[in-house]
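Text of start_8.cif, listed as mmCIF, C-alpha atoms:
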data_work
#
loop_
_atom_site.label_atom_id
_atom_site.label_comp_id
_atom_site.auth_asym_id
_atom_site.auth_seq_id
_atom_site.Cartn_x
_atom_site.Cartn_y
_atom_site.Cartn_z
CA MET G 1058 0.00 0.00 0.00
CA THR G 1059 2.78 2.42 0.82
CA LYS G 1060 6.27 3.00 -0.44
CA GLU G 1061 8.36 4.91 2.05
CA ARG G 1062 8.21 6.60 5.41
CA THR G 1063 9.35 9.99 6.60
CA GLU G 1064 12.26 9.56 8.94
CA LEU G 1065 11.78 10.94 12.40
CA ALA G 1066 14.55 13.00 13.98
CA THR G 1067 14.01 11.52 17.44
CA PRO G 1068 15.18 7.90 17.76
CA SER G 1069 12.64 7.24 20.53
CA LEU G 1070 9.81 8.24 18.20
CA SER G 1071 11.18 5.98 15.48
CA GLY G 1072 11.21 3.14 18.00
CA LEU G 1073 7.63 3.87 19.05
CA LEU G 1074 6.48 3.92 15.44
CA GLU G 1075 8.19 0.58 14.80
CA PHE G 1076 6.52 -0.85 17.92
CA TRP G 1077 3.13 0.45 16.73
CA LEU G 1078 3.67 -1.24 13.36
CA THR G 1079 4.38 -4.59 15.06
CA LYS G 1080 1.04 -4.30 16.84
CA SER G 1081 -0.86 -3.44 13.64
CA VAL G 1082 -2.69 -6.39 12.11
CA ALA G 1083 -3.71 -6.72 8.46
CA GLY G 1084 -3.07 -3.04 7.84
CA ARG G 1085 -5.30 -1.94 10.71
CA PRO G 1086 -4.26 0.21 13.66
CA PRO G 1087 -3.47 -1.74 16.82
CA VAL G 1088 -6.14 -2.82 19.25
CA PRO G 1089 -5.44 -1.00 22.54
CA SER G 1090 -5.83 -4.23 24.53
CA SER G 1091 -2.88 -5.70 22.59
CA ILE G 1092 -0.57 -3.13 24.17
CA SER G 1093 0.23 -3.47 27.85
CA PRO G 1094 1.53 -0.63 30.01
CA ALA G 1095 4.81 -2.56 30.29
CA ASP G 1096 5.14 -2.46 26.48
CA LEU G 1097 5.15 1.33 26.63
CA ARG G 1098 7.74 1.59 29.40
CA PRO G 1099 10.50 3.00 27.12
CA TRP G 1100 8.25 5.94 26.15
CA LYS G 1101 5.95 6.28 29.20
CA ASP G 1102 7.27 9.64 30.38
CA ASN G 1103 6.82 11.25 26.96
CA ILE G 1104 3.40 9.96 25.95
CA VAL G 1105 -0.18 11.06 26.26
CA VAL G 1106 -3.10 8.72 25.65
CA PHE G 1107 -6.44 10.12 24.54
CA GLU G 1108 -9.78 8.38 24.78
CA VAL G 1109 -11.85 9.43 21.76
CA ILE G 1110 -15.52 9.85 22.54
CA GLY G 1111 -18.06 10.37 19.77
CA GLU G 1112 -18.28 9.40 16.14
CA GLU G 1113 -18.03 12.52 13.96
CA SER G 1114 -16.21 15.36 15.68
CA GLY G 1115 -14.89 13.50 18.70
CA THR G 1116 -14.08 14.66 22.18
CA PHE G 1117 -10.49 13.88 23.10
CA VAL G 1118 -10.02 13.09 26.81
CA TYR G 1119 -6.55 12.80 28.33
CA SER G 1120 -6.44 9.36 29.99
CA TYR G 1121 -2.67 9.23 30.53
CA TYR G 1122 -0.14 12.07 30.78
CA GLY G 1123 3.59 11.28 31.02
CA LYS G 1124 5.87 12.75 33.69
CA ALA G 1125 8.29 14.39 31.23
CA LEU G 1126 5.38 16.24 29.66
CA VAL G 1127 4.08 17.33 33.06
CA ALA G 1128 7.55 18.74 33.76
CA ALA G 1129 7.81 20.37 30.33
CA PHE G 1130 4.39 22.04 30.42
CA GLY G 1131 4.02 22.60 34.17
CA GLN G 1132 0.88 20.55 34.71
CA SER G 1133 -0.91 17.30 34.02
CA ARG G 1134 -4.02 17.42 31.88
CA LEU G 1135 -5.22 14.00 33.04
CA GLY G 1136 -9.03 13.91 32.77
CA ALA G 1137 -9.19 17.17 30.80
CA THR G 1138 -10.28 17.47 27.18
CA LEU G 1139 -8.92 19.37 24.19
CA ASP G 1140 -11.79 21.80 24.77
CA ASP G 1141 -10.04 22.80 28.02
CA LEU G 1142 -6.95 24.01 26.13
CA PRO G 1143 -6.43 27.64 25.12
CA PRO G 1144 -8.08 28.30 21.72
CA GLU G 1145 -4.76 28.67 19.87
CA GLN G 1146 -3.54 25.27 21.07
CA ARG G 1147 -6.87 23.61 20.36
CA ALA G 1148 -6.85 25.11 16.84
CA VAL G 1149 -3.58 23.28 16.13
CA LEU G 1150 -4.35 19.94 17.80
CA GLN G 1151 -8.03 19.32 16.98
CA PRO G 1152 -7.60 19.20 13.17
CA GLU G 1153 -4.48 17.07 13.53
CA TYR G 1154 -6.22 14.52 15.73
CA GLU G 1155 -9.28 14.49 13.47
CA THR G 1156 -6.99 13.79 10.49
CA VAL G 1157 -5.46 10.81 12.30
CA ARG G 1158 -8.96 9.49 13.08
CA ARG G 1159 -10.14 9.92 9.50
CA GLU G 1160 -7.00 8.64 7.73
CA ARG G 1161 -6.24 5.95 10.34
CA LEU G 1162 -2.51 6.58 9.84
CA PRO G 1163 0.20 8.10 12.02
CA VAL G 1164 1.08 11.78 11.72
CA ALA G 1165 4.28 13.52 12.80
CA ARG G 1166 5.39 17.12 13.04
CA ILE G 1167 7.78 19.45 14.76
CA HIS G 1168 6.08 22.15 16.78
CA THR G 1169 7.89 25.26 17.98
CA ALA G 1170 6.14 27.67 20.33
CA VAL G 1171 6.66 29.58 23.56
CA PHE G 1172 6.23 27.30 26.56
CA GLY G 1173 6.98 28.58 30.05
CA GLY G 1174 8.28 31.86 28.69
CA ARG G 1175 10.79 30.40 26.24
CA SER G 1176 10.74 29.10 22.70
CA ARG G 1177 10.92 25.30 22.59
CA SER G 1178 10.56 22.71 19.84
CA PHE G 1179 9.02 19.28 20.16
CA GLU G 1180 8.86 16.48 17.63
CA ARG G 1181 5.46 14.81 17.95
CA LEU G 1182 4.03 11.53 16.75
CA VAL G 1183 0.30 10.71 16.81
CA LEU G 1184 -0.69 7.04 16.50
CA PRO G 1185 -4.27 5.78 16.08
CA MET G 1186 -5.67 2.73 17.88
CA SER G 1187 -8.95 0.91 17.31
CA SER G 1188 -10.72 -1.43 19.72
CA ASP G 1189 -13.08 -2.77 17.04
CA GLY G 1190 -10.85 -2.50 13.96
CA VAL G 1191 -13.14 0.15 12.48
CA GLY G 1192 -13.37 3.32 14.56
CA ILE G 1193 -10.40 5.08 16.12
CA ASP G 1194 -11.16 5.26 19.84
CA LYS G 1195 -7.69 6.02 21.25
CA LEU G 1196 -4.75 8.13 20.21
CA LEU G 1197 -1.25 7.51 21.47
CA VAL G 1198 0.71 10.76 21.24
CA ALA G 1199 4.42 11.07 22.00
CA ALA G 1200 6.44 14.28 22.18
CA TYR G 1201 10.16 14.79 22.66
CA GLU G 1202 11.86 18.14 23.06
CA MET G 1203 14.48 18.88 20.43
CA THR G 1204 17.67 20.81 21.05
CA PRO G 1205 18.70 23.62 18.68
CA ARG G 1206 21.47 21.31 17.42
CA GLU G 1207 18.94 18.57 16.58
CA LEU G 1208 16.74 21.09 14.80
CA ALA G 1209 19.67 22.42 12.76
CA ALA G 1210 20.68 18.88 11.75
CA ARG G 1211 17.13 17.96 10.72
CA PRO G 1212 16.60 17.79 6.96
CA PRO G 1213 13.87 20.21 5.82
CA VAL G 1214 11.12 17.57 5.66
CA TYR G 1215 8.59 19.64 7.58
CA SER G 1216 7.09 22.67 5.91
CA PRO G 1217 6.84 25.89 7.94
CA GLY G 1218 3.43 26.59 9.34
CA PRO G 1219 1.73 29.91 9.98
CA GLY G 1220 4.26 32.42 11.25
CA GLY G 1221 6.99 29.81 10.89
CA SER G 1222 6.35 28.66 14.44
CA SER G 1223 4.83 25.28 13.77
CA SER G 1224 4.93 22.87 10.94
CA GLY G 1225 1.73 21.26 9.87
CA PRO G 1226 1.23 17.57 10.41
CA VAL G 1227 3.08 15.33 8.03
CA PRO G 1228 1.28 12.05 7.35
CA LEU G 1229 3.79 9.27 7.74
CA THR G 1230 3.98 6.87 4.86
CA VAL G 1231 4.32 3.52 6.56
CA GLN G 1232 4.77 0.04 5.19
CA LYS G 1233 1.90 -1.81 6.77
CA PRO G 1234 2.53 -5.39 7.86
CA GLY G 1235 1.70 -7.83 5.10
CA ALA G 1236 1.69 -5.18 2.37
CA SER G 1237 4.24 -5.09 -0.39
CA ALA G 1238 6.08 -1.96 -1.41
#

Could you quickly redo this structure as structure tokens?
Amino acid sequence: MTKERTELATPSLSGLLEFWLTKSVAGRPPVPSSISPADLRPWKDNIVVFEVIGEESGTFVYSYYGKALVAAFGQSRLGATLDDLPPEQRAVLQPEYETVRRERLPVARIHTAVFGGRSRSFERLVLPMSSDGVGIDKLLVAAYEMTPRELAARPPVYSPGPGGSSSGPVPLTVQKPGASA
């Protein structure tokens, strides 16, 4: 079905994507019950898990919030929804998450914005999961802060977003298990 995949700058994200692919069956996103908390141990501090409620325009509820992200952003959002975010953040995340639900494929991007009074960049990966093999009812999101050196070394795969502060989501082209190139 697919030919190539955008390389991620962060090795941990590449590892998480590879793990996600091993849990995918017949070209479908993984079933959440096939992934144990122990499986996610290497990434646990840098992930967020969303429960997706609703069919069309879903409500995204934070059901897990990693410790590194709590430290980076100064708070846990456990139990909150995207609707609780400031409008400018929600305007970036909501369409991205809806795209992942609709396309049923991972999306990655580098996001640069002011967090805690200073400009910081994070490489993000959004992975869909489906309990019934049809609807996307969970999103596994991982984010790792990038140093200026890592950003400078990154090939220009991501296109600048509005104001140059955030790149839009880049759908990852992944080789699904059992599919030929």

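Restricting the calculation to all atoms listed in the file, the smallest distance between Thr1156 (chain G) and any of G:Gly1111, G:Pro1185, G:Gly1123, G:Gly1084 is found for G:Pro1185.
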
Review point. Of the residues G:Gln1132, G:Thr1079, G:Gln1146, G:Thr1204, which is the one nearest to Gly1173 (chain G), using all atoms listed in the file?
Key: G:Gln1132

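Across the model, the gap from CA of Gly1174 (chain G) to CA of Ala1128 (chain G) is 14.1 Å.
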
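If you measure from each of G:Phe1076, G:Asp1141, G:Glu1064, G:Ala1125 to Ser1091 (chain G) using all atoms listed in the file, the closest one turns out to be G:Phe1076.
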
Shell of 7 Å around Phe1117 (chain G), only C-alpha atoms, local chain residues under 5 positions omitted, as a compact mmCIF listing (two decimals) with C-alpha atoms, in the frame of the given file:
# COMPACT_ATOMS: atom_id res chain seq x y z
CA PHE G 1107 -6.44 10.12 24.54
CA GLU G 1108 -9.78 8.38 24.78
CA VAL G 1109 -11.85 9.43 21.76
CA ILE G 1110 -15.52 9.85 22.54
CA THR G 1138 -10.28 17.47 27.18
CA LEU G 1139 -8.92 19.37 24.19

Study note, to complete from the structure: Min atom-atom distance to Pro1099 (chain G) from the set G:Ser1069, G:Ser1081, G:Leu1135, G:Tyr1119, counting all atoms listed in the file, belongs to G:Ser1069

Check your understanding: Residues at most 9 Å from Leu1196 (chain G), counting all atoms listed in the file, excluding those fewer than 2 positions away in the same chain, as JSON, numbers by chain?
Key -> {"G": [1105, 1106, 1107, 1108, 1109, 1117, 1154, 1157, 1158, 1183, 1184, 1185, 1186, 1187, 1193, 1194, 1198]}

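Using all atoms listed in the file, the shortest contact distance between Gly1190 (chain G) and any of G:Tyr1121, G:Ala1148, G:Ile1092, G:Arg1161 is found at G:Arg1161.
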
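In this structure, CA of His1168 (chain G) sits 9.7 Å away from CA of Val1149 (chain G).
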
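The smallest atom-to-atom distance between Leu1150 (chain G) and any of G:Val1164, G:Ala1210, G:Leu1097, G:Ile1104, using all atoms listed in the file, is found for G:Val1164.
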
Review point. What does the distance from CA of Ala1066 (chain G) to CA of Pro1143 (chain G) come to in Å, to one decimal?
Key: 27.9 Å

Exercise for review: For Asp1189 (chain G), please output as a ChimeraX atom specification all residues within 12 Å (counting only C-alpha atoms; exclusion window: fewer than 4 positions along the same chain).
Suggested key: /G:1085-1091,1193-1195

As lines of an AutoDock Vina configuration file, please: the centre and edge lengths in Å, to one decimal, of an axis-aligned box enclosing every listed atom of region 1081-1094 of chain G with 5 Å added on each side.
center_x = -2.3
center_y = -3.3
center_z = 18.9
size_x = 17.7
size_y = 16.9
size_z = 32.2

Point to revise | Shell of 10 Å around Pro1068 (chain G), all atoms listed in the file, local chain residues under 5 positions omitted, as an MDAnalysis selection string | key: chainID G and resid 1073:1074 1201

Could region 1101-1112 of chain G be completed with all heavy atoms and returned as a short mmCIF file (atom, residue, chain, number, x, y, z; two decimals), keeping the file's coordinate frame?
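Now in part_10.cif:
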data_model
loop_
_atom_site.label_atom_id
_atom_site.label_comp_id
_atom_site.auth_asym_id
_atom_site.auth_seq_id
_atom_site.Cartn_x
_atom_site.Cartn_y
_atom_site.Cartn_z
N LYS G 1101 7.04 5.90 28.29
CA LYS G 1101 5.95 6.28 29.20
C LYS G 1101 6.00 7.72 29.68
O LYS G 1101 4.96 8.34 29.86
CB LYS G 1101 5.87 5.33 30.40
CG LYS G 1101 7.02 5.47 31.39
CD LYS G 1101 6.84 4.52 32.56
CE LYS G 1101 7.99 4.51 33.50
NZ LYS G 1101 8.33 5.75 34.14
N ASP G 1102 7.18 8.27 29.87
CA ASP G 1102 7.27 9.64 30.38
C ASP G 1102 6.95 10.69 29.32
O ASP G 1102 6.68 11.84 29.65
CB ASP G 1102 8.65 9.91 30.97
CG ASP G 1102 8.90 9.13 32.25
OD1 ASP G 1102 7.92 8.72 32.91
OD2 ASP G 1102 10.08 8.92 32.60
N ASN G 1103 7.00 10.30 28.06
CA ASN G 1103 6.82 11.25 26.96
C ASN G 1103 5.56 11.00 26.14
O ASN G 1103 5.44 11.47 25.02
CB ASN G 1103 8.03 11.21 26.03
CG ASN G 1103 9.25 11.79 26.70
OD1 ASN G 1103 9.91 11.13 27.48
ND2 ASN G 1103 9.52 13.05 26.42
N ILE G 1104 4.62 10.24 26.70
CA ILE G 1104 3.40 9.96 25.95
C ILE G 1104 2.17 10.51 26.66
O ILE G 1104 2.14 10.72 27.87
CB ILE G 1104 3.20 8.47 25.64
CG1 ILE G 1104 3.05 7.64 26.92
CG2 ILE G 1104 4.28 7.94 24.74
CD1 ILE G 1104 2.68 6.18 26.66
N VAL G 1105 1.16 10.71 25.83
CA VAL G 1105 -0.18 11.06 26.26
C VAL G 1105 -1.09 10.06 25.56
O VAL G 1105 -0.88 9.73 24.38
CB VAL G 1105 -0.56 12.49 25.80
CG1 VAL G 1105 -2.03 12.78 26.01
CG2 VAL G 1105 0.30 13.52 26.52
N VAL G 1106 -2.10 9.58 26.27
CA VAL G 1106 -3.10 8.72 25.65
C VAL G 1106 -4.43 9.47 25.74
O VAL G 1106 -4.78 9.99 26.80
CB VAL G 1106 -3.21 7.35 26.34
CG1 VAL G 1106 -4.34 6.51 25.73
CG2 VAL G 1106 -1.88 6.60 26.26
N PHE G 1107 -5.11 9.51 24.60
CA PHE G 1107 -6.44 10.12 24.54
C PHE G 1107 -7.48 9.05 24.32
O PHE G 1107 -7.31 8.18 23.47
CB PHE G 1107 -6.55 11.09 23.35
CG PHE G 1107 -5.86 12.40 23.54
CD1 PHE G 1107 -4.60 12.60 23.02
CD2 PHE G 1107 -6.48 13.43 24.22
CE1 PHE G 1107 -3.95 13.81 23.18
CE2 PHE G 1107 -5.84 14.65 24.38
CZ PHE G 1107 -4.58 14.84 23.85
N GLU G 1108 -8.58 9.13 25.07
CA GLU G 1108 -9.78 8.38 24.78
C GLU G 1108 -10.56 9.26 23.81
O GLU G 1108 -10.69 10.46 24.04
CB GLU G 1108 -10.62 8.15 26.03
CG GLU G 1108 -9.92 7.39 27.13
CD GLU G 1108 -9.72 5.92 26.81
OE1 GLU G 1108 -10.53 5.33 26.06
OE2 GLU G 1108 -8.74 5.36 27.31
N VAL G 1109 -11.07 8.67 22.74
CA VAL G 1109 -11.85 9.43 21.76
C VAL G 1109 -13.31 9.06 21.95
O VAL G 1109 -13.68 7.90 21.84
CB VAL G 1109 -11.40 9.11 20.32
CG1 VAL G 1109 -12.18 9.96 19.33
CG2 VAL G 1109 -9.89 9.34 20.16
N ILE G 1110 -14.11 10.06 22.26
CA ILE G 1110 -15.52 9.85 22.54
C ILE G 1110 -16.33 10.54 21.45
O ILE G 1110 -16.12 11.72 21.17
CB ILE G 1110 -15.90 10.40 23.93
CG1 ILE G 1110 -15.04 9.69 24.99
CG2 ILE G 1110 -17.39 10.22 24.20
CD1 ILE G 1110 -15.07 10.33 26.34
N GLY G 1111 -17.22 9.80 20.83
CA GLY G 1111 -18.06 10.37 19.77
C GLY G 1111 -17.61 9.91 18.41
O GLY G 1111 -16.46 9.56 18.19
N GLU G 1112 -18.55 9.91 17.48
CA GLU G 1112 -18.28 9.40 16.14
C GLU G 1112 -17.71 10.45 15.20
O GLU G 1112 -16.63 10.30 14.67
CB GLU G 1112 -19.58 8.84 15.54
CG GLU G 1112 -20.11 7.62 16.26
CD GLU G 1112 -19.14 6.45 16.22
OE1 GLU G 1112 -18.57 6.18 15.16
OE2 GLU G 1112 -18.96 5.81 17.27
#
